[in-house]
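Please read the structure below before turning to the comments.
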Amino acid sequence: MRSGKEPILRKIKDGTIIDHIPAGQALNLLRLMGITGREGFTLALVMNVESRKLGRKDIIKVEGLELKPEDTDKIALIAPMATINVVRNYEVVEKRKAVPPKVVEGALKCRNPNCITNKPNEPIKSKFRTISYNPPKLVCEYCGHVMTHEDIVKQLLSEA
Amino acid sequence: MLRGRDVLTALDLSREDFEEIFAAADEVMARGRSQLNLMRGKIMATAFFEPSTRTRLSFQTAMMRLGGEVIDLGEVEKSSIAKGENLSDTVRMLDAYSDVIVIRHRLEGAAKLAAEVAENPVINAGDGSRNHPTQAMIDLYAIRRFRGRIDGLTIGVMGDLKYGRATNSLIMALTKFEVEKIYLISPPQLKLRQETRELLADSGVEFEEVENLEKVISELDVLYASRIQKERFPDPSEYELVKGSYVITPENLRNAKEDLVILHPLPRVDEIDFRVDSLPCAKYFEQAKLGVPVRMALLKLILGG
């Protein structure tokens with residue numbers, strides 16, 4: 001039986017720890033990262049644990065997978081302000097905060113069917129400006145349509 | 001300073017920009033109908049991908065009255081678009097031929113895309129359901145002309161607040177001024193979109209959404225009416241139910257202030273009873289006449305005549 005002081009998840013040697021995930025978003029995040037459980041990574045997942053900062057939070061630990069800096073933006077759109085720790089030989093060698101980017105270009109599709117960015121055959125990429133960081137809220141630079149966190153999560157996961 | 005700038009949305013314009021346009025429009029008005037030679041040698045291209053009568057003609061008239069020349073893309077069905085050319089390439093071509101492009105398009109953000117492609121300034125003459133900045137300039141200029149000021153007024157905006165590009169642009173433009181209050185008068189189906197409501201809230205302007213004109217008519221200094229389009233209602237019987245409540249008649253103006261001003265971007269269908277036309281508050285035809293001088297002022301400022 002686990003004593004009260006013992007950490008809920010054991011230490012990992014090499015890999016990634018994503019901490020301070022908003023409670024309930026860990027499964028979405030795994031899906032976004034393309035982790036199904038069949039890849040063979042040793043994976044630990046806790047959800048809805050107590051957190052001083054967030055009240056409740058989720059944590060993911062993946063052994064053997066190192067997240068690249070370019071993955072941070074997408075993670076931030078699902079789990080804003082999560083902490084990404086890169087672990088090598090039991091040491092945290094890099095700590096990144098998943099802050100939603102100021103501008104999101106190309107990664108999302110505007111939900112407004114009448115937006116020029118949805119017109120086929122034009123050399124144009126979607127472009128959103130972040131108007132709120134936590135939870136993330138984006139506004140299309142072309143048509144002014146607002147994407148809520150729910151819209152963003154739904155879209156990112158439908159493509160994942 | 002407007003020189004060399006694109007005009008894509010009323011939100012991009014500051015109060016100073018609006019005032020610069022009003023002052024230039026005053027000057028143009030003072031000169032009467034005399035032909036000016038400020039734009040001699042300059043060419044304006046109009047590209048209307050959606051039907052328009054008064055906006056296209058008033059832009060063209062404005063450029064001609066300034067002594068400039070006009071080229072027009074013509075009807076889309078007969079132009080290169082019909083052969084499958086995309087917007088970006090069409091704009092690139094017009095940009096090579098002209099000094100300024102005036103564009104109207106069904107899709108939101110089309111003018112912004114055009115501005116990204118073109119080297120010369122692009123003026124949005126209406127795209128999608130949010131932006132029609134030059135109409136907002138005319139509307140504010142009309143308010144200032146007929147009421148002497150914009151600040152401190154109580155303004156009712158009535159009709160299609162959800163999809164109406166004129167109403168949306170006017171509301172955006174009003175956030176740049178210190179109006180007393182804005183009443184948003186519409187059926188529940190055509191209420192302001194969340195984005196615009198948030199914009200109003202952020203601007204600090206006092207506003208209230210109401211469904212009934214008669215409830216607020218006595219408070220209004222300006223009533224801005226717009227068309228409620230049948231095609232916006234999924235059920236035609238629903239349209240028939242609401243449309244009567246948003247028609248201005250001499251009867252529902254009984255409690256209006258004596259100096260109320262009624263404006264409308266035109267064309268109107270049946271939202272203003274013809275009997276209202278002869279009342280002193282009916283200023284919409286006068287307002288329409290301001291389209292040319294305001295657009296002259298804008299072209300002059302952008303092209304630096």
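Residues are named by chain letter and number: chains run A, B, ... in the order of the structure tokens, numbers start at 1 in each chain, and ligands are numbered from 1 in the order shown.
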Q | Contacts of Ile155 in chain B within 9 Å, only C-alpha atoms, excl. fewer than 5 positions in-chain, as number ranges by chain | A | B: 179-184, 219-224
Just write the chosen residues, all heavy atoms, as a short mmCIF file (atom, residue, chain, number, x, y, z; two decimals), in the first residue's frame.
data_model
loop_
_atom_site.label_atom_id
_atom_site.label_comp_id
_atom_site.auth_asym_id
_atom_site.auth_seq_id
_atom_site.Cartn_x
_atom_site.Cartn_y
_atom_site.Cartn_z
N VAL B 179 -20.68 58.20 -27.14
CA VAL B 179 -22.13 58.31 -27.21
C VAL B 179 -22.72 58.03 -25.83
O VAL B 179 -22.10 57.39 -24.99
CB VAL B 179 -22.76 57.36 -28.25
CG1 VAL B 179 -22.36 57.75 -29.65
CG2 VAL B 179 -22.40 55.91 -27.98
N GLU B 180 -23.94 58.54 -25.62
CA GLU B 180 -24.59 58.37 -24.33
C GLU B 180 -25.01 56.90 -24.15
O GLU B 180 -24.70 56.27 -23.15
CB GLU B 180 -25.83 59.29 -24.29
CG GLU B 180 -26.72 59.17 -23.09
CD GLU B 180 -26.15 59.87 -21.86
OE1 GLU B 180 -25.24 60.70 -22.01
OE2 GLU B 180 -26.62 59.56 -20.75
N LYS B 181 -25.70 56.37 -25.16
CA LYS B 181 -26.16 54.99 -25.07
C LYS B 181 -26.53 54.47 -26.45
O LYS B 181 -26.98 55.24 -27.30
CB LYS B 181 -27.39 54.93 -24.16
CG LYS B 181 -27.85 53.52 -23.85
CD LYS B 181 -28.88 53.47 -22.72
CE LYS B 181 -29.26 52.03 -22.46
NZ LYS B 181 -30.18 51.88 -21.34
N ILE B 182 -26.34 53.18 -26.66
CA ILE B 182 -26.79 52.56 -27.91
C ILE B 182 -27.89 51.55 -27.55
O ILE B 182 -27.70 50.69 -26.70
CB ILE B 182 -25.64 51.82 -28.63
CG1 ILE B 182 -24.47 52.77 -28.92
CG2 ILE B 182 -26.13 51.18 -29.93
CD1 ILE B 182 -23.25 52.10 -29.56
N TYR B 183 -29.04 51.71 -28.20
CA TYR B 183 -30.08 50.70 -28.08
C TYR B 183 -30.01 49.80 -29.30
O TYR B 183 -30.02 50.28 -30.43
CB TYR B 183 -31.47 51.35 -28.02
CG TYR B 183 -31.82 51.85 -26.63
CD1 TYR B 183 -31.87 53.21 -26.36
CD2 TYR B 183 -32.11 50.94 -25.61
CE1 TYR B 183 -32.19 53.67 -25.09
CE2 TYR B 183 -32.43 51.39 -24.34
CZ TYR B 183 -32.47 52.75 -24.08
OH TYR B 183 -32.78 53.18 -22.83
N LEU B 184 -29.93 48.50 -29.06
CA LEU B 184 -29.86 47.53 -30.15
C LEU B 184 -31.24 46.90 -30.27
O LEU B 184 -31.66 46.13 -29.40
CB LEU B 184 -28.80 46.49 -29.83
CG LEU B 184 -27.41 47.08 -29.57
CD1 LEU B 184 -26.51 46.07 -28.87
CD2 LEU B 184 -26.77 47.54 -30.87
N GLU B 219 -36.60 57.96 -26.16
CA GLU B 219 -35.26 58.31 -25.67
C GLU B 219 -34.27 58.61 -26.80
O GLU B 219 -33.19 59.13 -26.55
CB GLU B 219 -34.69 57.13 -24.87
CG GLU B 219 -35.32 56.93 -23.53
CD GLU B 219 -34.70 55.74 -22.83
OE1 GLU B 219 -33.47 55.74 -22.65
OE2 GLU B 219 -35.44 54.80 -22.51
N LEU B 220 -34.64 58.25 -28.04
CA LEU B 220 -33.64 58.26 -29.12
C LEU B 220 -33.41 59.65 -29.73
O LEU B 220 -34.35 60.41 -29.96
CB LEU B 220 -34.06 57.31 -30.24
CG LEU B 220 -34.28 55.84 -29.87
CD1 LEU B 220 -34.68 55.05 -31.11
CD2 LEU B 220 -33.02 55.26 -29.25
N ASP B 221 -32.12 59.94 -29.99
CA ASP B 221 -31.77 61.12 -30.78
C ASP B 221 -31.63 60.74 -32.25
O ASP B 221 -31.86 61.54 -33.14
CB ASP B 221 -30.44 61.70 -30.28
CG ASP B 221 -30.52 62.15 -28.84
OD1 ASP B 221 -31.45 62.92 -28.53
OD2 ASP B 221 -29.69 61.71 -28.03
N VAL B 222 -31.16 59.50 -32.46
CA VAL B 222 -30.99 58.99 -33.82
C VAL B 222 -31.55 57.58 -33.86
O VAL B 222 -31.30 56.78 -32.96
CB VAL B 222 -29.48 58.94 -34.21
CG1 VAL B 222 -29.30 58.30 -35.59
CG2 VAL B 222 -28.85 60.33 -34.17
N LEU B 223 -32.32 57.29 -34.91
CA LEU B 223 -32.78 55.92 -35.13
C LEU B 223 -32.22 55.45 -36.46
O LEU B 223 -32.51 56.03 -37.51
CB LEU B 223 -34.31 55.85 -35.13
CG LEU B 223 -34.93 54.50 -35.55
CD1 LEU B 223 -34.45 53.37 -34.66
CD2 LEU B 223 -36.46 54.58 -35.51
N TYR B 224 -31.38 54.42 -36.41
CA TYR B 224 -30.77 53.88 -37.61
C TYR B 224 -31.49 52.58 -37.95
O TYR B 224 -31.41 51.60 -37.21
CB TYR B 224 -29.28 53.63 -37.36
CG TYR B 224 -28.49 53.25 -38.59
CD1 TYR B 224 -27.84 54.22 -39.35
CD2 TYR B 224 -28.37 51.92 -39.00
CE1 TYR B 224 -27.11 53.88 -40.47
CE2 TYR B 224 -27.63 51.58 -40.13
CZ TYR B 224 -27.01 52.56 -40.85
OH TYR B 224 -26.27 52.23 -41.97
#
Q: Give as a PyMOL selection string every residue of chain B that touches chain A within 10 Å, counting only C-alpha atoms.
A: chain B and resi 84-89+105-113+116-117+127-131+193-196
Q: Using backbone DSSP assignments, extract all helix (DSSP H, G or I) residues from range 153-184 of chain B; output them as a PyMOL selection string.
A: chain B and resi 165-174
Q.
Using Å and a single decimal, report how far CA of Glu20 in chain B sits from CA of Pro293 in chain B.
A. 13.3 Å
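Non-sequential neighbours of Leu29 in chain A (distance at most 8 Å, separation of 3 or more positions within a chain, only C-alpha atoms) are Gln25, Ala26, Leu32, Met33, Ile75, Ile78 and Ala79 of chain A.
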Could you dump the residues just selected with C-alpha atoms as a PDB file, in the first residue's frame?
ATOM      1  CA  GLN A  25      -7.677  17.282 -20.311  1.00  0.00           C
ATOM      2  CA  ALA A  26      -5.014  14.551 -20.018  1.00  0.00           C
ATOM      3  CA  LEU A  32      -3.297  15.052 -29.610  1.00  0.00           C
ATOM      4  CA  MET A  33       0.203  13.672 -29.045  1.00  0.00           C
ATOM      5  CA  ILE A  75      -0.264  21.379 -26.292  1.00  0.00           C
ATOM      6  CA  ILE A  78      -5.454  22.177 -25.147  1.00  0.00           C
ATOM      7  CA  ALA A  79      -3.673  22.476 -21.815  1.00  0.00           C
TER       8      ALA A  79
END
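Comparing B:Arg56, B:Ala10, B:Glu77, B:Gly68 by their smallest distance to Ile171 in chain B, the closest is B:Ala10 (using only C-alpha atoms).
Distances here use only C-alpha atoms; by that measure, the residue among B:Val91, B:Met158, B:Ala62, B:Ala24 closest to Lys243 in chain B is B:Met158.
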Q: With a distance cut-off of 7 Å and only C-alpha atoms, select the neighbouring residues of Met147 in chain A, excluding the residue or stretch itself and same-chain residues fewer than 5 positions from it, and output the selection as a PyMOL selection string.
A: chain A and resi 137-139+152
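Distances to Val100 in chain B were evaluated for B:Phe49, B:Phe146, B:Phe59, B:Tyr246 using only C-alpha atoms, and the minimum falls at B:Phe59.
Between Pro100 in chain A and the candidates A:His20, A:Lys125, A:His149, A:Lys61, the tightest atom-to-atom separation, counting only C-alpha atoms, involves A:His149.
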**Q.** Best match for closeness to Leu170 in chain B among B:Met137, B:Ile185, B:Ala201, B:Ile272, counting only C-alpha atoms
**A.** B:Met137
Q: Could you check which of B:Asp99, B:Asp139, B:Glu69, B:Glu211 is closest to Gln189 in chain B, using only C-alpha atoms?
A: B:Glu211
**Q.** chain A: residues DSSP assigns to strand (DSSP E), reported as a PyMOL selection string
**A.** chain A and resi 15-22+42-51+55-63+83-88+91-97+103-105+127-133+136-140+146-147
**Q.** Residues near range 39-45 of chain B, cut-off 7 Å, only C-alpha atoms, skip fewer than 3 positions along chain, as a ChimeraX atom specification
**A.** /B:66-72,94,98-102,305
File of the preceding selection, N, CA, C and O atoms, as an mmCIF file, in the first residue's frame:
data_model
loop_
_atom_site.group_PDB
_atom_site.id
_atom_site.type_symbol
_atom_site.label_atom_id
_atom_site.label_comp_id
_atom_site.auth_asym_id
_atom_site.auth_seq_id
_atom_site.Cartn_x
_atom_site.Cartn_y
_atom_site.Cartn_z
ATOM 1 N N LEU B 66 -13.279 63.969 -58.590
ATOM 2 C CA LEU B 66 -11.953 64.410 -58.148
ATOM 3 C C LEU B 66 -10.989 64.544 -59.338
ATOM 4 O O LEU B 66 -9.813 64.843 -59.156
ATOM 5 N N GLY B 67 -11.497 64.246 -60.514
ATOM 6 C CA GLY B 67 -10.652 64.382 -61.710
ATOM 7 C C GLY B 67 -9.882 63.123 -62.045
ATOM 8 O O GLY B 67 -9.034 63.123 -62.943
ATOM 9 N N GLY B 68 -10.157 62.023 -61.333
ATOM 10 C CA GLY B 68 -9.454 60.768 -61.610
ATOM 11 C C GLY B 68 -10.219 59.898 -62.601
ATOM 12 O O GLY B 68 -11.297 60.247 -63.053
ATOM 13 N N GLU B 69 -9.629 58.750 -62.897
ATOM 14 C CA GLU B 69 -10.245 57.826 -63.848
ATOM 15 C C GLU B 69 -10.654 56.549 -63.115
ATOM 16 O O GLU B 69 -10.117 56.239 -62.051
ATOM 17 N N VAL B 70 -11.566 55.825 -63.767
ATOM 18 C CA VAL B 70 -12.093 54.617 -63.132
ATOM 19 C C VAL B 70 -12.027 53.436 -64.099
ATOM 20 O O VAL B 70 -12.359 53.580 -65.267
ATOM 21 N N ILE B 71 -11.544 52.307 -63.606
ATOM 22 C CA ILE B 71 -11.721 51.058 -64.358
ATOM 23 C C ILE B 71 -12.547 50.119 -63.495
ATOM 24 O O ILE B 71 -12.510 50.188 -62.270
ATOM 25 N N ASP B 72 -13.309 49.255 -64.164
ATOM 26 C CA ASP B 72 -14.218 48.396 -63.401
ATOM 27 C C ASP B 72 -14.076 46.948 -63.867
ATOM 28 O O ASP B 72 -13.964 46.692 -65.064
ATOM 29 N N LEU B 94 -5.390 43.919 -61.053
ATOM 30 C CA LEU B 94 -5.982 45.252 -60.865
ATOM 31 C C LEU B 94 -4.974 46.201 -60.216
ATOM 32 O O LEU B 94 -4.930 47.394 -60.530
ATOM 33 N N SER B 98 -3.891 50.018 -61.490
ATOM 34 C CA SER B 98 -4.536 51.171 -60.835
ATOM 35 C C SER B 98 -3.750 51.668 -59.622
ATOM 36 O O SER B 98 -2.750 51.078 -59.229
ATOM 37 N N ASP B 99 -4.247 52.754 -59.025
ATOM 38 C CA ASP B 99 -3.598 53.341 -57.842
ATOM 39 C C ASP B 99 -4.316 52.976 -56.554
ATOM 40 O O ASP B 99 -3.780 53.135 -55.462
ATOM 41 N N VAL B 100 -5.557 52.559 -56.681
ATOM 42 C CA VAL B 100 -6.338 52.162 -55.497
ATOM 43 C C VAL B 100 -7.405 51.167 -55.959
ATOM 44 O O VAL B 100 -7.925 51.287 -57.068
ATOM 45 N N ILE B 101 -7.671 50.168 -55.105
ATOM 46 C CA ILE B 101 -8.688 49.171 -55.452
ATOM 47 C C ILE B 101 -9.840 49.264 -54.454
ATOM 48 O O ILE B 101 -9.621 49.323 -53.240
ATOM 49 N N VAL B 102 -11.050 49.297 -54.991
ATOM 50 C CA VAL B 102 -12.248 49.268 -54.140
ATOM 51 C C VAL B 102 -12.905 47.922 -54.373
ATOM 52 O O VAL B 102 -13.213 47.570 -55.512
ATOM 53 N N GLY B 305 -4.279 63.688 -52.469
ATOM 54 C CA GLY B 305 -4.513 64.719 -53.487
ATOM 55 C C GLY B 305 -4.435 66.125 -52.928
ATOM 56 O O GLY B 305 -4.523 66.355 -51.752
#
Q.
Using only C-alpha atoms, which protein or nucleic acid residues come within 9 Å of Pro187 in chain B? Drop anything in the same chain fewer than 3 positions from it, and give the result as JSON, numbers by chain.
A. {"B": [159, 160, 190, 191, 210, 211, 212, 242, 243, 245, 246]}
**Q.** Surrounding residues of Val247 in chain B excluding itself and chain neighbours under 6 positions, 8 Å, only C-alpha atoms, as an NGL selection string
**A.** :B and (270-273)
